[in-house]
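Quick notes on the structure that follows.
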Number of protein chains: 2
Amino acid sequence: MNLETLKLYCDVVRLRSFSRGAAANTVSQSAASQAIQQLEAELDAALLDRSRRPLLPTEQGQAFYDACRALLQGFEKARADLAAARERVEGTVRVAAIYSVGLHDMSRHMQPFMSAYPQARVLLECLHPHKVVEAVLNDEADLGILSYPAATRALTVLPLRMEPMVLVAHPAHRLARRRSVAAAELQGERFVAFDRDLAVRKAIDRALKQHDVKVEVVMEFDNVETIKQAIGINAGVSILPRPTVLNESGMRTLAVVPLGLPGLVRPIGIIHRRGRRLTPVVARFIEQLQKPVDRTP
Amino acid sequence: MNLETLKLYCDVVRLRSFSRGAAANTVSQSAASQAIQQLEAELDAALLDRSRRPLLPTEQGQAFYDACRALLQGFEKARADLAAARERVEGTVRVAAIYSVGLHDMSRHMQPFMSAYPQARVLLECLHPHKVVEAVLNDEADLGILSYPAATRALTVLPLRMEPMVLVAHPAHRLARRRSVAAAELQGERFVAFDRDLAVRKAIDRALKQHDVKVEVVMEFDNVETIKQAIGINAGVSILPRPTVLNESGMRTLAVVPLGLPGLVRPIGIIHRRGRRLTPVVARFIEQLQKPVDRTP
DNA sequence: ATCATCGCATTAGCATTACTAATAGTGATA
DNA sequence: TATCACTATTAGTAATGCTAATGCGATGAT
C-alpha cells in the first residue's frame, strides 16, 4: 500500500480517466489499471464503476477518495515540516563552551562569523567542563569548546590553541611587581586553586610537583572568575591562563607575572561527535574559530 | 513511499529498536534497517540517532513520528469506513418498480423475504417505467421491475410472469354483467387509454387493430390507478392487467370481464445491469420474486 | 442496427525493488 | 578491555512493478 498508488487513485478519480490519471503520474495506462485493481483487491472494495464512461467512483470510492486526499495532504505537510526543520537545523550552530573561553573568546569570533553568514544562527551556552562534554555527547550541542580536551571513541578533538599559564596575584602582593617568577619562589605560597576534579588543576599540580614546590591551597573553585575574585581580596595567588586575565591586567586590578614553568600551558580544543557529518555552517564556524584573533584593540 | 514502511518506522521509534520494530512487522532486522535508511534518504532527513543506544528519534524524527501516527490512524479509519460501507451495501437490495407492480405485488414478497433474511434491507421505489430503466442504468437501483421489459446491451431481463389483460368498466356499463366480451364488441367504445409512449398502450392498440376494432380514446394516463378512477366515474372502459384490478373486482366497485383477445398479455420482468455480479442478497431477492405468490387469502 | 473509435483490461517479458541470511562494525557494560 | 547486544552492509534471490502489445467493451455516428 503505497502513497503513489493513493495519489494515482485520486488523480484517476479527479480526472475521471485512467489514462489521464496515469499521464498525470507519468506512468503507463496499464500500470494505472493494474495498480488500482490491486488497490481495490487489498481494500476488498469496488472503488470505481468502469461500466459507464466517463468512469465514476462508487459511493465507497468517493468516500475513500476524500479520505485519500486528506491523507496525501497530511503527508505533504509532514514532509514540508521536515524540510523546514532541516533548513532551520542546518543553519544553526549549537556551541557549548567552558566559561573562561565562552565569555572572553567567543564574542570576538561571533561578529565576523555573523557578518559572513548572516542567515546562520549561533547558540552559545557556557557550561562546566564536564557538562560541555555531556552536551556534545547528548547531541545538545554540535561543538564543544573546552580545555584539556580528551578524544574518546565518541568524540573527535580539533586542537585550537595553547594558552600560556601565568602567575596572578593581588597588586599589593610581594611578587606583583616582578618581571618574572621562578617556580621555586612559590614555595609555601597561599594558593587559590581549581577544583581537584578539573584537568587544569591536575596539570598545575603536576608542574609544581615536578619542581618540588609545595603551595598552601587556601581555596578551591571550579571557574576562573571566582578565582580572580578571591585573588582580588588578596586571599592568595594563583596560576591562570593568560587570556583569562587580559582585562584585569590592562586595568591593573590584578598583577600578572610570567612564570618559569615553560611546559605549563592550557590546551584549548574543539570537540564534536565522532563520525557525525558536520553541516556546512558548523564547518564554517570551526574555520572561523581556528583563525587567529585580531588583537589590534 | 509506502504505508508499511511508515508503520515500520513508527514501531521502530515506539519500541526504540530496529530488531523489535522489524519483529513487530514480521520482517528481518536487515529489511527494517534498509527500509528506514531509504525512508531517510527519500525525505532527506536524519530521523533516528543510531549513535546512542537505545536509539532515539531526532527532533525532526519525533515530529515525523507524530505525523505518521496520525496518517496511519487516518488510513485505518478510511479502511474501516470502507469495510462498514461494504457490509451495508451488500446487505441492501434497491428495487425500482413501476407503480402497478410495486403497490400490488411487492408487498406480498417483502414479508417472506424479510423473515428469511432479517438483516437485509430492501429499498423499494415506485417510478414511471422509463425512470425504472434509468435508475437501473445509473446504478441507483440493483433491480428494476416493469412491464414489457426490453433487453439492451446494458440490461439483462429475467421474465417474471404474464398478466392477462381484461376489460374493465363501470358497474353500470352495458358490458359490465357479461361473462366475456369479444373484441368486436368494443367497436366505437369510449376508451380510457394509457399514454401513447408506454409499451402497454402500443400492445393494446396493436391487438385492437388486429381485430379491426376502433375505439374512441377519451382520456390518456400514464398509470393504472388514474385510469381506474376515470372508469369509476364512467368516463369510459379500458383494458388493464387483471392483477391490478383484483381489489376493485372483489369489492364490485369496477366490473372486470374477460376479453376475447387471448394474445393480449402484459409481460412483467426483472431487469438488472448486464455483467454486474449480483450480491448474494440481491440474488436471493430475485429468487423470492420468482416464487409463485400464495393466493390463499 | 452496425461499425468505427475510444478507453480500460489483460498478457508476457523485462527491469527494478525488497527481502533474507550471513557477516562486519559499533555502542554499552562488566 | 573483553563481551554482549544491536545495527549496518553485502550478495544473492524472490517478488513486485512497469511497459508494450493486444483484446474487449462502451459510446456515438451513419
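Chain labels follow the order of the C-alpha cells: the first chain is A, the next B, and so on; residue numbering restarts at 1 in every chain, and ligands are counted from 1 in their shown order.
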
* To do: Provide as a PyMOL selection string the residues of chain D at most 10 Å from chain B, counting only C-alpha atoms (C1' of nucleotides).
  => chain D and resi 6-9+26

Residues as selected, N, CA and C atoms (P, O5', C5', C4', C3', O3' and C1' of nucleotides), written as a compact mmCIF listing (two decimals), in the first residue's frame, can you do that?
```txt
# COMPACT_ATOMS: atom_id res chain seq x y z
P DC D 6 19.37 -6.66 22.17
O5' DC D 6 19.63 -5.67 20.96
C5' DC D 6 20.14 -4.37 21.23
C4' DC D 6 20.81 -3.82 20.01
C3' DC D 6 19.99 -3.95 18.72
O3' DC D 6 19.59 -2.65 18.31
C1' DC D 6 22.28 -4.45 18.36
P DT D 7 18.66 -2.44 17.05
O5' DT D 7 19.70 -2.01 15.93
C5' DT D 7 20.50 -0.86 16.14
C4' DT D 7 21.54 -0.73 15.04
C3' DT D 7 20.98 -0.64 13.63
O3' DT D 7 21.56 0.48 12.97
C1' DT D 7 22.66 -2.31 13.75
P DA D 8 21.24 0.80 11.46
O5' DA D 8 22.53 0.25 10.70
C5' DA D 8 23.79 0.84 10.98
C4' DA D 8 24.84 0.38 9.99
C3' DA D 8 24.48 0.53 8.51
O3' DA D 8 25.65 0.97 7.82
C1' DA D 8 24.86 -1.77 9.01
P DT D 9 25.61 1.21 6.26
O5' DT D 9 26.13 -0.18 5.66
C5' DT D 9 27.34 -0.73 6.17
C4' DT D 9 27.66 -2.03 5.45
C3' DT D 9 27.36 -2.04 3.95
O3' DT D 9 28.53 -2.46 3.28
C1' DT D 9 26.42 -3.95 5.00
P DA D 26 -20.05 -3.29 -21.96
O5' DA D 26 -20.05 -1.71 -22.16
C5' DA D 26 -19.23 -0.93 -21.29
C4' DA D 26 -19.03 0.44 -21.91
C3' DA D 26 -20.32 1.14 -22.35
O3' DA D 26 -20.28 2.48 -21.91
C1' DA D 26 -18.82 1.00 -24.17
```

* To do: Could you pull out the residues in segment 125-263 of chain B that DSSP calls helix (DSSP H, G or I) from the backbone, as a ChimeraX atom specification?
  => /B:129-137,183-186,199-210,224-232,242-250

Requested write-out: N, CA and C atoms of the selected residues, as a compact mmCIF listing (two decimals), in the first residue's frame:
```txt
# COMPACT_ATOMS: atom_id res chain seq x y z
N PRO B 129 -42.22 3.93 -15.72
CA PRO B 129 -41.45 2.87 -16.40
C PRO B 129 -40.09 3.34 -16.91
N HIS B 130 -40.06 4.48 -17.57
CA HIS B 130 -38.78 4.96 -18.11
C HIS B 130 -37.78 5.23 -16.99
N LYS B 131 -38.32 5.77 -15.90
CA LYS B 131 -37.43 6.09 -14.78
C LYS B 131 -36.86 4.82 -14.14
N VAL B 132 -37.65 3.73 -14.23
CA VAL B 132 -37.16 2.46 -13.68
C VAL B 132 -35.90 2.04 -14.43
N VAL B 133 -35.98 2.08 -15.74
CA VAL B 133 -34.83 1.70 -16.57
C VAL B 133 -33.65 2.62 -16.26
N GLU B 134 -33.97 3.89 -16.18
CA GLU B 134 -32.92 4.88 -15.91
C GLU B 134 -32.23 4.62 -14.57
N ALA B 135 -33.04 4.30 -13.56
CA ALA B 135 -32.49 4.06 -12.23
C ALA B 135 -31.54 2.87 -12.23
N VAL B 136 -31.92 1.83 -12.96
CA VAL B 136 -31.05 0.65 -13.02
C VAL B 136 -29.77 0.98 -13.79
N LEU B 137 -29.93 1.69 -14.89
CA LEU B 137 -28.75 2.05 -15.69
C LEU B 137 -27.79 2.91 -14.89
N ALA B 183 -63.68 -8.98 -28.93
CA ALA B 183 -63.01 -7.74 -29.32
C ALA B 183 -63.93 -6.84 -30.12
N ALA B 184 -64.67 -7.43 -31.01
CA ALA B 184 -65.50 -6.64 -31.92
C ALA B 184 -66.54 -5.82 -31.17
N GLU B 185 -66.93 -6.29 -30.00
CA GLU B 185 -67.98 -5.59 -29.25
C GLU B 185 -67.51 -4.25 -28.68
N LEU B 186 -66.18 -4.00 -28.76
CA LEU B 186 -65.67 -2.72 -28.26
C LEU B 186 -65.70 -1.63 -29.31
N ALA B 199 -45.36 1.08 -23.51
CA ALA B 199 -45.37 -0.17 -24.27
C ALA B 199 -46.73 -0.84 -24.20
N VAL B 200 -47.39 -0.72 -23.02
CA VAL B 200 -48.68 -1.40 -22.87
C VAL B 200 -49.73 -0.80 -23.81
N ARG B 201 -49.67 0.50 -24.02
CA ARG B 201 -50.60 1.16 -24.96
C ARG B 201 -50.40 0.63 -26.37
N LYS B 202 -49.13 0.50 -26.74
CA LYS B 202 -48.84 0.01 -28.09
C LYS B 202 -49.34 -1.42 -28.26
N ALA B 203 -49.17 -2.23 -27.24
CA ALA B 203 -49.61 -3.63 -27.33
C ALA B 203 -51.13 -3.70 -27.48
N ILE B 204 -51.84 -2.86 -26.73
CA ILE B 204 -53.31 -2.86 -26.80
C ILE B 204 -53.78 -2.35 -28.16
N ASP B 205 -53.17 -1.26 -28.62
CA ASP B 205 -53.53 -0.70 -29.93
C ASP B 205 -53.34 -1.75 -31.02
N ARG B 206 -52.19 -2.44 -30.92
CA ARG B 206 -51.88 -3.45 -31.94
C ARG B 206 -52.93 -4.57 -31.92
N ALA B 207 -53.31 -5.01 -30.73
CA ALA B 207 -54.28 -6.11 -30.63
C ALA B 207 -55.65 -5.69 -31.18
N LEU B 208 -56.06 -4.46 -30.85
CA LEU B 208 -57.36 -3.98 -31.35
C LEU B 208 -57.34 -3.85 -32.86
N LYS B 209 -56.24 -3.30 -33.37
CA LYS B 209 -56.13 -3.10 -34.81
C LYS B 209 -56.19 -4.44 -35.54
N GLN B 210 -55.58 -5.46 -34.89
CA GLN B 210 -55.55 -6.79 -35.48
C GLN B 210 -56.99 -7.32 -35.69
N VAL B 224 -52.04 3.04 -14.00
CA VAL B 224 -53.26 2.26 -13.86
C VAL B 224 -54.24 2.92 -12.89
N GLU B 225 -53.70 3.47 -11.82
CA GLU B 225 -54.58 3.99 -10.78
C GLU B 225 -55.49 5.09 -11.31
N THR B 226 -54.91 5.97 -12.07
CA THR B 226 -55.71 7.09 -12.60
C THR B 226 -56.74 6.58 -13.62
N ILE B 227 -56.34 5.60 -14.40
CA ILE B 227 -57.29 5.02 -15.36
C ILE B 227 -58.48 4.42 -14.61
N LYS B 228 -58.19 3.73 -13.50
CA LYS B 228 -59.28 3.13 -12.74
C LYS B 228 -60.22 4.20 -12.20
N GLN B 229 -59.65 5.31 -11.76
CA GLN B 229 -60.51 6.41 -11.28
C GLN B 229 -61.41 6.93 -12.39
N ALA B 230 -60.85 7.03 -13.59
CA ALA B 230 -61.64 7.53 -14.73
C ALA B 230 -62.79 6.57 -15.04
N ILE B 231 -62.49 5.29 -14.97
CA ILE B 231 -63.56 4.30 -15.21
C ILE B 231 -64.62 4.41 -14.12
N GLY B 232 -64.11 4.68 -12.89
CA GLY B 232 -65.03 4.77 -11.76
C GLY B 232 -66.07 5.86 -11.94
N ARG B 242 -55.14 -7.94 -15.25
CA ARG B 242 -56.06 -8.41 -14.23
C ARG B 242 -55.55 -8.19 -12.80
N PRO B 243 -54.30 -8.46 -12.52
CA PRO B 243 -53.85 -8.28 -11.12
C PRO B 243 -54.05 -6.87 -10.59
N THR B 244 -54.07 -5.90 -11.47
CA THR B 244 -54.16 -4.51 -11.00
C THR B 244 -55.58 -4.15 -10.60
N VAL B 245 -56.54 -5.00 -10.93
CA VAL B 245 -57.92 -4.67 -10.58
C VAL B 245 -58.53 -5.74 -9.67
N LEU B 246 -57.68 -6.52 -9.03
CA LEU B 246 -58.18 -7.60 -8.17
C LEU B 246 -59.04 -7.03 -7.05
N ASN B 247 -58.57 -5.99 -6.41
CA ASN B 247 -59.30 -5.39 -5.30
C ASN B 247 -60.66 -4.88 -5.74
N GLU B 248 -60.65 -4.07 -6.80
CA GLU B 248 -61.89 -3.45 -7.27
C GLU B 248 -62.88 -4.52 -7.74
N SER B 249 -62.35 -5.58 -8.35
CA SER B 249 -63.22 -6.68 -8.77
C SER B 249 -63.90 -7.31 -7.57
N GLY B 250 -63.11 -7.56 -6.52
CA GLY B 250 -63.67 -8.19 -5.33
C GLY B 250 -64.71 -7.31 -4.66
```

* Asked: Expressed in Å to a single decimal, how great is the separation between atom CA of His173 of chain A and atom CA of Ile239 of chain A?
  -> 14.1 Å

At a cut-off of 7 Å, can you tabulate as JSON lines every residue of chain B near chain A together with its closest atom pair and the distance in Å to one decimal, using only C-alpha atoms and ordering rows by chain then number?
```
{"residue": "B:Met1", "atom": "CA", "partner": "A:Asn2", "partner_atom": "CA", "distance": 5.6}
{"residue": "B:Asn2", "atom": "CA", "partner": "A:Asn2", "partner_atom": "CA", "distance": 3.6}
{"residue": "B:Leu3", "atom": "CA", "partner": "A:Asn2", "partner_atom": "CA", "distance": 5.6}
{"residue": "B:Glu4", "atom": "CA", "partner": "A:Met1", "partner_atom": "CA", "distance": 7.0}
{"residue": "B:Leu43", "atom": "CA", "partner": "A:Arg79", "partner_atom": "CA", "distance": 6.9}
{"residue": "B:Gln60", "atom": "CA", "partner": "A:Leu82", "partner_atom": "CA", "distance": 6.2}
{"residue": "B:Phe64", "atom": "CA", "partner": "A:Ala78", "partner_atom": "CA", "distance": 6.3}
{"residue": "B:Ala67", "atom": "CA", "partner": "A:Ala78", "partner_atom": "CA", "distance": 6.1}
{"residue": "B:Leu71", "atom": "CA", "partner": "A:Leu71", "partner_atom": "CA", "distance": 6.1}
{"residue": "B:Gly74", "atom": "CA", "partner": "A:Leu71", "partner_atom": "CA", "distance": 6.9}
{"residue": "B:Ala78", "atom": "CA", "partner": "A:Ala67", "partner_atom": "CA", "distance": 6.1}
{"residue": "B:Arg79", "atom": "CA", "partner": "A:Leu43", "partner_atom": "CA", "distance": 6.9}
{"residue": "B:Leu82", "atom": "CA", "partner": "A:Gln60", "partner_atom": "CA", "distance": 6.2}
{"residue": "B:Ala85", "atom": "CA", "partner": "A:Gln60", "partner_atom": "CA", "distance": 6.6}
```

* To do: Write down, as a list in words, each residue of chain C that has any atom within 8 Å of an atom of chain A, counting only C-alpha atoms (C1' of nucleotides).
  => DG7, DC8 and DA9 of chain C

* Contact residues around DG12 of chain D with only C-alpha atoms (C1' of nucleotides) at 12 Å, ignoring same-chain residues under 3 positions, as an MDAnalysis selection string -> chainID C and resid 19:22

* Asked: Where does DSSP see strand (DSSP E) in segment 164-255 of chain B, if you list the residues as a list in words?
  -> Pro164, Met165, Val166, Leu167, Val168, Ala169, Arg190, Phe191, Val192, Ala193, Phe194, Glu216, Val217, Val218, Met219, Glu220, Phe221, Ser238, Ile239, Leu240, Pro241 and Ala255 of chain B

With N, CA and C atoms kept, could you save the residues just selected as an mmCIF file, in the first residue's frame?
```cif
data_model
loop_
_atom_site.group_PDB
_atom_site.id
_atom_site.type_symbol
_atom_site.label_atom_id
_atom_site.label_comp_id
_atom_site.auth_asym_id
_atom_site.auth_seq_id
_atom_site.Cartn_x
_atom_site.Cartn_y
_atom_site.Cartn_z
ATOM 1 N N PRO B 164 -52.708 -11.561 -17.676
ATOM 2 C CA PRO B 164 -53.790 -11.461 -18.680
ATOM 3 C C PRO B 164 -54.439 -10.087 -18.607
ATOM 4 N N MET B 165 -54.834 -9.587 -19.773
ATOM 5 C CA MET B 165 -55.478 -8.272 -19.828
ATOM 6 C C MET B 165 -56.990 -8.480 -19.898
ATOM 7 N N VAL B 166 -57.701 -7.663 -19.153
ATOM 8 C CA VAL B 166 -59.162 -7.816 -19.081
ATOM 9 C C VAL B 166 -59.843 -6.488 -19.353
ATOM 10 N N LEU B 167 -61.111 -6.588 -19.735
ATOM 11 C CA LEU B 167 -61.903 -5.371 -19.919
ATOM 12 C C LEU B 167 -62.348 -4.890 -18.549
ATOM 13 N N VAL B 168 -62.172 -3.611 -18.302
ATOM 14 C CA VAL B 168 -62.598 -3.021 -17.042
ATOM 15 C C VAL B 168 -63.597 -1.907 -17.369
ATOM 16 N N ALA B 169 -64.747 -1.976 -16.692
ATOM 17 C CA ALA B 169 -65.800 -0.987 -16.986
ATOM 18 C C ALA B 169 -66.511 -0.586 -15.703
ATOM 19 N N ARG B 190 -66.205 4.281 -25.858
ATOM 20 C CA ARG B 190 -65.397 5.326 -25.205
ATOM 21 C C ARG B 190 -64.328 4.625 -24.369
ATOM 22 N N PHE B 191 -63.034 5.035 -24.543
ATOM 23 C CA PHE B 191 -61.911 4.251 -24.023
ATOM 24 C C PHE B 191 -60.935 5.125 -23.236
ATOM 25 N N VAL B 192 -60.603 4.666 -22.044
ATOM 26 C CA VAL B 192 -59.583 5.355 -21.227
ATOM 27 C C VAL B 192 -58.257 4.617 -21.449
ATOM 28 N N ALA B 193 -57.337 5.291 -22.081
ATOM 29 C CA ALA B 193 -56.131 4.597 -22.565
ATOM 30 C C ALA B 193 -54.897 4.971 -21.742
ATOM 31 N N PHE B 194 -53.841 4.149 -21.918
ATOM 32 C CA PHE B 194 -52.515 4.515 -21.411
ATOM 33 C C PHE B 194 -51.900 5.572 -22.315
ATOM 34 N N GLU B 216 -62.922 4.878 -29.197
ATOM 35 C CA GLU B 216 -62.810 6.329 -29.102
ATOM 36 C C GLU B 216 -62.032 6.671 -27.825
ATOM 37 N N VAL B 217 -60.782 7.052 -28.014
ATOM 38 C CA VAL B 217 -59.950 7.356 -26.842
ATOM 39 C C VAL B 217 -60.387 8.692 -26.260
ATOM 40 N N VAL B 218 -60.887 8.637 -25.022
ATOM 41 C CA VAL B 218 -61.389 9.872 -24.411
ATOM 42 C C VAL B 218 -60.412 10.452 -23.393
ATOM 43 N N MET B 219 -59.529 9.614 -22.875
ATOM 44 C CA MET B 219 -58.538 10.087 -21.907
ATOM 45 C C MET B 219 -57.277 9.247 -22.035
ATOM 46 N N GLU B 220 -56.179 9.837 -21.601
ATOM 47 C CA GLU B 220 -54.909 9.100 -21.605
ATOM 48 C C GLU B 220 -54.177 9.372 -20.293
ATOM 49 N N PHE B 221 -53.743 8.311 -19.653
ATOM 50 C CA PHE B 221 -52.985 8.470 -18.402
ATOM 51 C C PHE B 221 -51.754 7.582 -18.421
ATOM 52 N N SER B 238 -61.737 0.369 -20.214
ATOM 53 C CA SER B 238 -60.321 0.257 -20.529
ATOM 54 C C SER B 238 -59.914 -1.206 -20.520
ATOM 55 N N ILE B 239 -58.724 -1.466 -20.919
ATOM 56 C CA ILE B 239 -58.159 -2.810 -20.872
ATOM 57 C C ILE B 239 -56.945 -2.743 -19.956
ATOM 58 N N LEU B 240 -57.025 -3.513 -18.872
ATOM 59 C CA LEU B 240 -55.975 -3.432 -17.853
ATOM 60 C C LEU B 240 -55.525 -4.832 -17.463
ATOM 61 N N PRO B 241 -54.327 -4.935 -16.928
ATOM 62 C CA PRO B 241 -53.867 -6.230 -16.415
ATOM 63 C C PRO B 241 -54.751 -6.666 -15.251
ATOM 64 N N ALA B 255 -66.278 -3.307 -12.765
ATOM 65 C CA ALA B 255 -66.622 -4.583 -13.408
ATOM 66 C C ALA B 255 -65.438 -5.073 -14.216
#
```

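Near DA15 of chain C, within a cut-off of 12 Å and counting only C-alpha atoms (C1' of nucleotides), sit the residues DT16, DG17, DC18 and DT19 of chain D, with same-chain residues fewer than 4 positions away left out.
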
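Among the candidates A:Ala97, A:Val281, A:Ala24, A:Val12, the residue lying nearest to Pro57 of chain A is A:Val12 (atoms considered: only C-alpha atoms).
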
* Selection: 6 Å around segment 179-181 of chain A, only C-alpha atoms (C1' of nucleotides), excl. self and same-chain fewer than 5 positions, as number ranges by chain -> A: 257-260

* **Atom-to-atom span, atom CA of Arg284 of chain B and atom CA of Ala151 of chain B, Å** =>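 Going from atom CA of Arg284 of chain B over to atom CA of Ala151 of chain B covers 21.6 Å.
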
* Selection near Ala116 of chain B, 12 Å with only C-alpha atoms (C1' of nucleotides), sequence-local residues under 6 positions removed, as a list in words ->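 After dropping sequence-adjacent residues, the list is His109, Met110, Val281, Arg284, Phe285, Glu287 and Gln288 of chain B.
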
Prev. selection, N, CA and C atoms, output as a PDB file, in the first residue's frame:
```pdb
ATOM      1  N   HIS B 109     -44.230 -10.063  -1.420  1.00  0.00           N
ATOM      2  CA  HIS B 109     -42.933 -10.744  -1.381  1.00  0.00           C
ATOM      3  C   HIS B 109     -42.080 -10.270  -0.217  1.00  0.00           C
ATOM      4  N   MET B 110     -42.332  -9.056   0.182  1.00  0.00           N
ATOM      5  CA  MET B 110     -41.476  -8.447   1.202  1.00  0.00           C
ATOM      6  C   MET B 110     -41.452  -9.263   2.487  1.00  0.00           C
ATOM      7  N   VAL B 281     -27.485 -11.163  -1.556  1.00  0.00           N
ATOM      8  CA  VAL B 281     -28.803 -10.717  -1.112  1.00  0.00           C
ATOM      9  C   VAL B 281     -29.696 -10.389  -2.305  1.00  0.00           C
ATOM     10  N   ARG B 284     -30.904 -13.622  -3.843  1.00  0.00           N
ATOM     11  CA  ARG B 284     -31.972 -14.243  -3.049  1.00  0.00           C
ATOM     12  C   ARG B 284     -33.296 -13.516  -3.264  1.00  0.00           C
ATOM     13  N   PHE B 285     -33.173 -12.200  -3.396  1.00  0.00           N
ATOM     14  CA  PHE B 285     -34.399 -11.422  -3.585  1.00  0.00           C
ATOM     15  C   PHE B 285     -35.053 -11.771  -4.922  1.00  0.00           C
ATOM     16  N   GLU B 287     -34.832 -14.643  -6.404  1.00  0.00           N
ATOM     17  CA  GLU B 287     -35.447 -15.963  -6.223  1.00  0.00           C
ATOM     18  C   GLU B 287     -36.812 -15.833  -5.549  1.00  0.00           C
ATOM     19  N   GLN B 288     -36.874 -14.949  -4.568  1.00  0.00           N
ATOM     20  CA  GLN B 288     -38.140 -14.734  -3.866  1.00  0.00           C
ATOM     21  C   GLN B 288     -39.213 -14.231  -4.843  1.00  0.00           C
TER      22      GLN B 288
END
```
